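One structure below.
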2 protein chains.
Amino acid sequence: MSSQRLHALRTRLSSARLDVLLISFLPHIRYLTGFTGSNGICLVTRTQALFLSDGRYRQQAREEVRGARVIIVPASLYEALATRVGLTLKERVGIQEQYLPVGELNKLKKLFRKVRFVPTAGLVESLAAVKDDDEIAKITAAVKLTDEVFDEVLTFIKPGVKELDIAAEVSYRHRLKGAEADAFEPIVASGVRGALPHARATRKTIRKGEMVTLDMGCRLNGYHSDLTRTVAVGRPPAEMRRVYGIVREAQQRAVDAAAGGLSARALDAVARSFIRRHGYGKYFSHSLGHGLGLQVHEAPRLSKLSKETLVSGNIVTIEPGIYIPNLGGVRIEDNVVIRDGTAEVLNRAPKELLIL
Amino acid sequence: MSSQRLHALRTRLSSARLDVLLISFLPHIRYLTGFTGSNGICLVTRTQALFLSDGRYRQQAREEVRGARVIIVPASLYEALATRVGLTLKERVGIQEQYLPVGELNKLKKLFRKVRFVPTAGLVESLAAVKDDDEIAKITAAVKLTDEVFDEVLTFIKPGVKELDIAAEVSYRHRLKGAEADAFEPIVASGVRGALPHARATRKTIRKGEMVTLDMGCRLNGYHSDLTRTVAVGRPPAEMRRVYGIVREAQQRAVDAAAGGLSARALDAVARSFIRRHGYGKYFSHSLGHGLGLQVHEAPRLSKLSKETLVSGNIVTIEPGIYIPNLGGVRIEDNVVIRDGTAEVLNRAPKELLIL
């Protein structure tokens, strides 16, 4: 797997007019080599791939890394590029401009005065956006686990319970089922707090008649799930029921439209125009979704400004929402794998309005 | 509080020969202004402080930010620096080189061709390393909460239980007691896995006669705790008992020696030389500890290479360990507040060897 990915990346170096690509972003290093530790760099040339780490990871690197030569060095990884790898020529070396801090680049420039460092963006991202069968299976397993947790935590959502306690159940049950971690801190937003798309769980108590938005995910074998459902505790106000129906249909329309060959912007527009036609356009204040994989947020982005086109093998979230200040909010999110001509929803969690 | 911090930072601009400092690292923005959201930049000049964020955070910024003028802008925060703030002069603008990605600096340079951007490091870190009474109280509360969780999870540590299940209990109980989140994924390393200082919890089952290292912490009101204890499940091998005694005494000696005015390197040496004298020097493979606050790892660093000196108001971890491949490991960690002439351990968790 890793060898194929490294090979695919290598073929992109020439079109980017690079002799070498220096990969410093750990999720990309994991994607390319399999290494899961916290310190390492990967150097890809047109003919080979090298992985450097320190002595703490000697054993782990040997077990995990495939497709790259492992070099264990005692001190600074960058200095080892000079002493062990001999990176001293007048080469064009790509760096990952979205991730490498300015201070690190300055260190590199001091160590390699003749090297031309070239900012690059998106080289690994665009590869990682297209999942192979093994990755699709891993994400499917993470999605299934989160669906089960959602089903279990429904029994805890009732009047008098704190948002934070529900968040605690989400994390707890993810872990008990074998997840490595939450994908992010679970969002539990009840009543008027549902109007904040980024609300974290608080000490607020759930009351009868409120809607509750749960946004939760896990990491399993390195890959993520990301599920949102909004449920009601007792009968919610008429406008919220109406809003629920609009979000649900907007979400379904986007799912039905999703397919390889469609632009990400056009897919965003499917849900956005439906919500706008029903008068809630200004309350859908974020983008439709994002790619999902080794990172919770990755390419492709489904937004008004996206320039990407969906291709078979993309896995994305589809998560429209409506957020009305001082009233509440609804968001419904599935994880979807894109195929040529169609899309498949990986989630099994119900989407009709659950009144608990 | 925020106003004082911003004022203190402002007085440092002139010695750094800066007209402006651009703060992009969110934990520092929270430290300086109180803002807890996920998008913002802070601009500190010699006479004023500005905070910029987007429309999602209009309400939140108004509630949270103190000591800086809040400017809400529709699109890119950097572009707003030109249109709204008028950053167009030939100024020397400091950037945070440890955090700002190369690509962001390149965007800034394109927008402000006459500005001289100067890489800086440590300006906010050195301020944040000295805690005021309010911060000490917040960290003390987080430490107390983690001590309670440690006490509770002891009852779950027994033969046949998976490391991951213990980690799940740690997270769950932190949350139920009101923590915002884990400070980091809990480490539960049993038996020979204890020899890996960075071991995450796995599906491995705990067996009788093994030692188990738990490294756990939480975030409460933005501030962190970080506790490590190693316990035994049944009677451990003689060498592990001996190692435990050495780590415990090394830790106590470092705690006793800690005080304002001492160099961080000298404190590290107190524990390191004790462990070395007992023949385990090469098995203490990391530094003695680190500052603790809005970040889990911050200044000062207590290591062989540190150039910092402890001052009253520092809060640090003191956490020596011995890790013997194919046998196991022991680490004992307290959180300690430094005073002039002395230090106070914030933890109450017991340090004698618990045989469960």
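Just so we're on the same page: first chain in the structure tokens is A, next is B, and so on; residues restart at 1 for each chain, and ligands are numbered from 1 in the order they show up.
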Can you tell me, as a PyMOL selection string, which residues in region 17-145 of chain B count as strand (DSSP E) by DSSP? chain B and resi 20-23+41-45+49-54+69-73+92-96+116-120
Can you check which parts of chain B lie within 8 Å of chain A? Per residue, the shortest pair of atoms and distance in Å to one decimal, counting only C-alpha atoms, sorted by chain and number, as a tab-separated table.
residue	atom	partner	partner_atom	distance
B:Glu97	CA	A:Gly103	CA	4.5
B:Gln98	CA	A:Gly103	CA	5.3
B:Tyr99	CA	A:Pro101	CA	5.4
B:Leu100	CA	A:Pro101	CA	5.2
B:Pro101	CA	A:Pro101	CA	4.1
B:Val102	CA	A:Val102	CA	4.9
B:Gly103	CA	A:Glu97	CA	4.5
B:Glu104	CA	A:Gln98	CA	7.3
B:Leu105	CA	A:Val102	CA	7.5
B:Pro119	CA	A:Gly103	CA	7.2
B:Leu164	CA	A:Arg175	CA	6.8
B:Asp165	CA	A:Leu176	CA	5.9
B:Ala167	CA	A:Arg175	CA	7.8
B:Ala168	CA	A:Tyr172	CA	5.3
B:Glu169	CA	A:Tyr172	CA	7.0
B:Ser171	CA	A:Tyr172	CA	6.9
B:Tyr172	CA	A:Ala168	CA	5.2
B:Arg173	CA	A:Ala168	CA	7.9
B:Arg175	CA	A:Ala168	CA	5.4
B:Leu176	CA	A:Asp165	CA	5.8
B:Gly178	CA	A:Leu164	CA	7.3
B:Ala181	CA	A:Glu185	CA	7.2
B:Glu185	CA	A:Ala181	CA	7.2
B:Arg203	CA	A:Gly178	CA	7.7
List every residue of region 15-264 of chain B that DSSP, applied to the backbone of this structure, assigns to alpha helix (DSSP H), and report them as JSON, numbers by chain. {"B": [15, 26, 27, 28, 29, 30, 31, 32, 33, 58, 59, 60, 61, 62, 63, 64, 77, 78, 79, 80, 81, 82, 83, 102, 103, 104, 105, 106, 107, 108, 109, 110, 111, 123, 124, 125, 126, 127, 128, 133, 134, 135, 136, 137, 138, 139, 140, 141, 142, 143, 144, 145, 146, 147, 148, 149, 150, 151, 152, 153, 163, 164, 165, 166, 167, 168, 169, 170, 171, 172, 173, 174, 175, 176, 238, 239, 240, 241, 242, 243, 244, 245, 246, 247, 248, 249, 250, 251, 252, 253, 254, 255, 256, 257, 264]}
Å distance separating CA of Gly191 (chain A) from CA of Leu327 (chain A), one decimal place: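 We find that CA of Gly191 (chain A) and CA of Leu327 (chain A) lie 7.1 Å from each other.
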Contacts of His7 (chain A) at 12 Å or less, counting only C-alpha atoms, minus same-chain residues fewer than 3 places along, as an MDAnalysis selection string? chainID A and resid 1:4 10:13 32:33 44:49 66:68 124 127
File dump, residues just selected, all heavy atoms, as a short mmCIF file (atom, residue, chain, number, x, y, z; two decimals), in the first residue's frame:
data_model
loop_
_atom_site.label_atom_id
_atom_site.label_comp_id
_atom_site.auth_asym_id
_atom_site.auth_seq_id
_atom_site.Cartn_x
_atom_site.Cartn_y
_atom_site.Cartn_z
N MET A 1 0.84 -1.20 0.00
CA MET A 1 0.00 0.00 0.00
C MET A 1 0.88 1.25 0.00
O MET A 1 0.83 2.07 -0.90
CB MET A 1 -0.89 0.00 1.25
CG MET A 1 -2.28 0.50 0.97
SD MET A 1 -3.11 -0.48 -0.30
CE MET A 1 -3.48 -1.98 0.60
N SER A 2 1.74 1.29 1.05
CA SER A 2 2.62 2.46 1.18
C SER A 2 3.47 2.63 -0.08
O SER A 2 3.65 3.75 -0.57
CB SER A 2 3.53 2.30 2.39
OG SER A 2 2.75 2.09 3.54
N SER A 3 4.00 1.50 -0.60
CA SER A 3 4.87 1.59 -1.77
C SER A 3 4.13 2.21 -2.94
O SER A 3 4.66 3.06 -3.64
CB SER A 3 5.36 0.19 -2.17
OG SER A 3 5.80 -0.50 -1.05
N GLN A 4 2.87 1.78 -3.14
CA GLN A 4 2.07 2.35 -4.23
C GLN A 4 1.88 3.85 -4.06
O GLN A 4 1.96 4.63 -4.99
CB GLN A 4 0.68 1.72 -4.27
CG GLN A 4 0.66 0.31 -4.82
CD GLN A 4 -0.68 -0.36 -4.60
OE1 GLN A 4 -1.71 0.32 -4.54
NE2 GLN A 4 -0.68 -1.66 -4.47
N ARG A 10 5.83 10.03 -6.25
CA ARG A 10 7.08 10.25 -6.97
C ARG A 10 6.82 10.73 -8.39
O ARG A 10 7.52 11.60 -8.89
CB ARG A 10 7.89 8.94 -6.96
CG ARG A 10 9.37 9.18 -6.85
CD ARG A 10 10.11 7.89 -6.63
NE ARG A 10 9.88 7.36 -5.31
CZ ARG A 10 9.65 6.07 -5.04
NH1 ARG A 10 9.58 5.19 -6.02
NH2 ARG A 10 9.48 5.67 -3.81
N THR A 11 5.76 10.17 -9.00
CA THR A 11 5.46 10.58 -10.38
C THR A 11 4.98 12.03 -10.44
O THR A 11 4.99 12.63 -11.51
CB THR A 11 4.37 9.68 -11.00
OG1 THR A 11 3.17 9.86 -10.24
CG2 THR A 11 4.77 8.22 -10.97
N ARG A 12 4.59 12.58 -9.31
CA ARG A 12 4.13 13.97 -9.32
C ARG A 12 5.27 14.97 -9.15
O ARG A 12 5.07 16.18 -9.31
CB ARG A 12 3.11 14.19 -8.21
CG ARG A 12 1.85 13.39 -8.46
CD ARG A 12 0.82 13.62 -7.40
NE ARG A 12 -0.35 12.82 -7.76
CZ ARG A 12 -1.59 13.13 -7.42
NH1 ARG A 12 -1.83 14.21 -6.73
NH2 ARG A 12 -2.60 12.37 -7.78
N LEU A 13 6.43 14.48 -8.74
CA LEU A 13 7.53 15.41 -8.50
C LEU A 13 7.93 16.15 -9.77
O LEU A 13 8.17 17.35 -9.74
CB LEU A 13 8.75 14.68 -7.92
CG LEU A 13 8.60 14.08 -6.53
CD1 LEU A 13 9.94 13.56 -6.03
CD2 LEU A 13 8.06 15.11 -5.54
N LEU A 32 1.84 7.77 3.86
CA LEU A 32 2.81 7.33 2.86
C LEU A 32 3.64 6.13 3.30
O LEU A 32 4.03 5.30 2.49
CB LEU A 32 3.75 8.49 2.49
CG LEU A 32 3.09 9.66 1.76
CD1 LEU A 32 4.03 10.86 1.72
CD2 LEU A 32 2.69 9.25 0.34
N THR A 33 3.95 6.05 4.61
CA THR A 33 4.89 5.02 5.08
C THR A 33 4.29 4.03 6.06
O THR A 33 4.86 2.97 6.28
CB THR A 33 6.11 5.66 5.78
OG1 THR A 33 5.69 6.20 7.05
CG2 THR A 33 6.73 6.77 4.94
N VAL A 44 11.19 12.20 -0.23
CA VAL A 44 10.88 11.45 -1.45
C VAL A 44 11.63 12.08 -2.61
O VAL A 44 11.48 13.28 -2.87
CB VAL A 44 9.36 11.47 -1.72
CG1 VAL A 44 9.04 10.72 -3.01
CG2 VAL A 44 8.61 10.86 -0.56
N THR A 45 12.46 11.29 -3.26
CA THR A 45 13.14 11.76 -4.46
C THR A 45 12.51 11.05 -5.66
O THR A 45 11.61 10.24 -5.49
CB THR A 45 14.65 11.45 -4.43
OG1 THR A 45 14.83 10.05 -4.66
CG2 THR A 45 15.25 11.81 -3.08
N ARG A 46 13.01 11.36 -6.85
CA ARG A 46 12.40 10.72 -8.02
C ARG A 46 12.71 9.23 -8.08
O ARG A 46 12.05 8.49 -8.80
CB ARG A 46 12.88 11.42 -9.29
CG ARG A 46 12.38 12.87 -9.32
CD ARG A 46 12.50 13.47 -10.69
NE ARG A 46 12.22 14.92 -10.62
CZ ARG A 46 12.16 15.70 -11.68
NH1 ARG A 46 12.36 15.20 -12.88
NH2 ARG A 46 11.90 16.99 -11.54
N THR A 47 13.71 8.79 -7.30
CA THR A 47 14.08 7.37 -7.38
C THR A 47 13.92 6.60 -6.06
O THR A 47 13.91 5.39 -6.05
CB THR A 47 15.55 7.21 -7.81
OG1 THR A 47 16.36 7.96 -6.89
CG2 THR A 47 15.76 7.73 -9.22
N GLN A 48 13.81 7.31 -4.94
CA GLN A 48 13.72 6.57 -3.68
C GLN A 48 12.96 7.35 -2.61
O GLN A 48 12.64 8.53 -2.79
CB GLN A 48 15.11 6.19 -3.16
CG GLN A 48 15.96 7.41 -2.86
CD GLN A 48 17.24 7.04 -2.11
OE1 GLN A 48 17.32 6.00 -1.49
NE2 GLN A 48 18.23 7.92 -2.17
N ALA A 49 12.68 6.67 -1.50
CA ALA A 49 12.01 7.31 -0.36
C ALA A 49 12.78 6.95 0.91
O ALA A 49 13.15 5.80 1.11
CB ALA A 49 10.57 6.83 -0.26
N ARG A 66 6.86 0.86 5.52
CA ARG A 66 6.96 0.08 4.29
C ARG A 66 7.21 1.03 3.13
O ARG A 66 6.60 2.09 3.05
CB ARG A 66 5.65 -0.68 4.02
CG ARG A 66 5.33 -1.75 5.04
CD ARG A 66 6.24 -2.99 4.89
NE ARG A 66 6.03 -3.95 5.96
CZ ARG A 66 6.67 -3.93 7.15
NH1 ARG A 66 7.57 -3.01 7.41
NH2 ARG A 66 6.42 -4.84 8.07
N GLY A 67 8.10 0.62 2.24
CA GLY A 67 8.30 1.39 1.01
C GLY A 67 9.32 2.50 1.11
O GLY A 67 9.61 3.17 0.12
N ALA A 68 9.87 2.72 2.31
CA ALA A 68 10.89 3.76 2.47
C ALA A 68 12.04 3.18 3.30
O ALA A 68 11.83 2.34 4.18
CB ALA A 68 10.31 4.98 3.18
N VAL A 124 0.28 15.76 -1.45
CA VAL A 124 -0.14 14.52 -0.77
C VAL A 124 -1.65 14.52 -0.57
O VAL A 124 -2.31 13.49 -0.71
CB VAL A 124 0.59 14.34 0.58
CG1 VAL A 124 0.23 13.00 1.21
CG2 VAL A 124 2.10 14.43 0.39
N LEU A 127 -3.63 13.03 -3.38
CA LEU A 127 -3.51 11.57 -3.39
C LEU A 127 -4.41 10.94 -2.33
O LEU A 127 -5.16 10.01 -2.60
CB LEU A 127 -2.09 11.14 -3.06
CG LEU A 127 -1.05 11.00 -4.15
CD1 LEU A 127 0.26 10.50 -3.52
CD2 LEU A 127 -1.53 10.01 -5.21
#
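Excluding Ile136 (chain A) and any residue on its chain fewer than 4 positions from it, the residues at most 12 Å away by only C-alpha atoms are Ala128, Ala129, Val130, Lys131, Asp132, Thr140, Ala141, Ala142, Val143, Asn221, Tyr223, His224, Ser225, Leu292, Gly293, Leu294, Ser312, Gly313, Asn314, Ile315, Val316, Asn335, Val336, Val337, Ile338, Arg339, Glu344, Val345 and Leu346 of chain A.
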Of the residues A:Leu220, A:Val153, A:Val296, A:Leu354, which is the one nearest to Val188 (chain A), using only C-alpha atoms? A:Val153
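You will find CA of Lys304 (chain B) at 21.7 Å from CA of Val243 (chain B).
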If we count only C-alpha atoms, what is near Gln59 (chain A) at a cut-off of 12 Å, once residues fewer than 2 positions away on the same chain are taken out, given as a PyMOL selection string? (chain A and resi 35+37+53-57+61-65+70-72) or (chain B and resi 196+325)
Contact residues around Leu227 (chain B) with only C-alpha atoms at 7 Å, ignoring same-chain residues under 2 positions, as a list in words: Asp215, Met216, Gly217, Ser225, Arg229, Glu333 and Asp334 of chain B
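Minimum atom-to-atom distances from A:Lys158, A:Glu352, A:Phe150, A:Gly279 to Gln252 (chain A) were compared using only C-alpha atoms, and the lowest value belongs to A:Glu352.
Using only C-alpha atoms, the protein and nucleic acid residues lying no more than 6 Å from Arg92 (chain A), apart from those fewer than 4 places from it along its own chain, are A:Leu18, A:Asp19, A:Arg116, A:Phe117.
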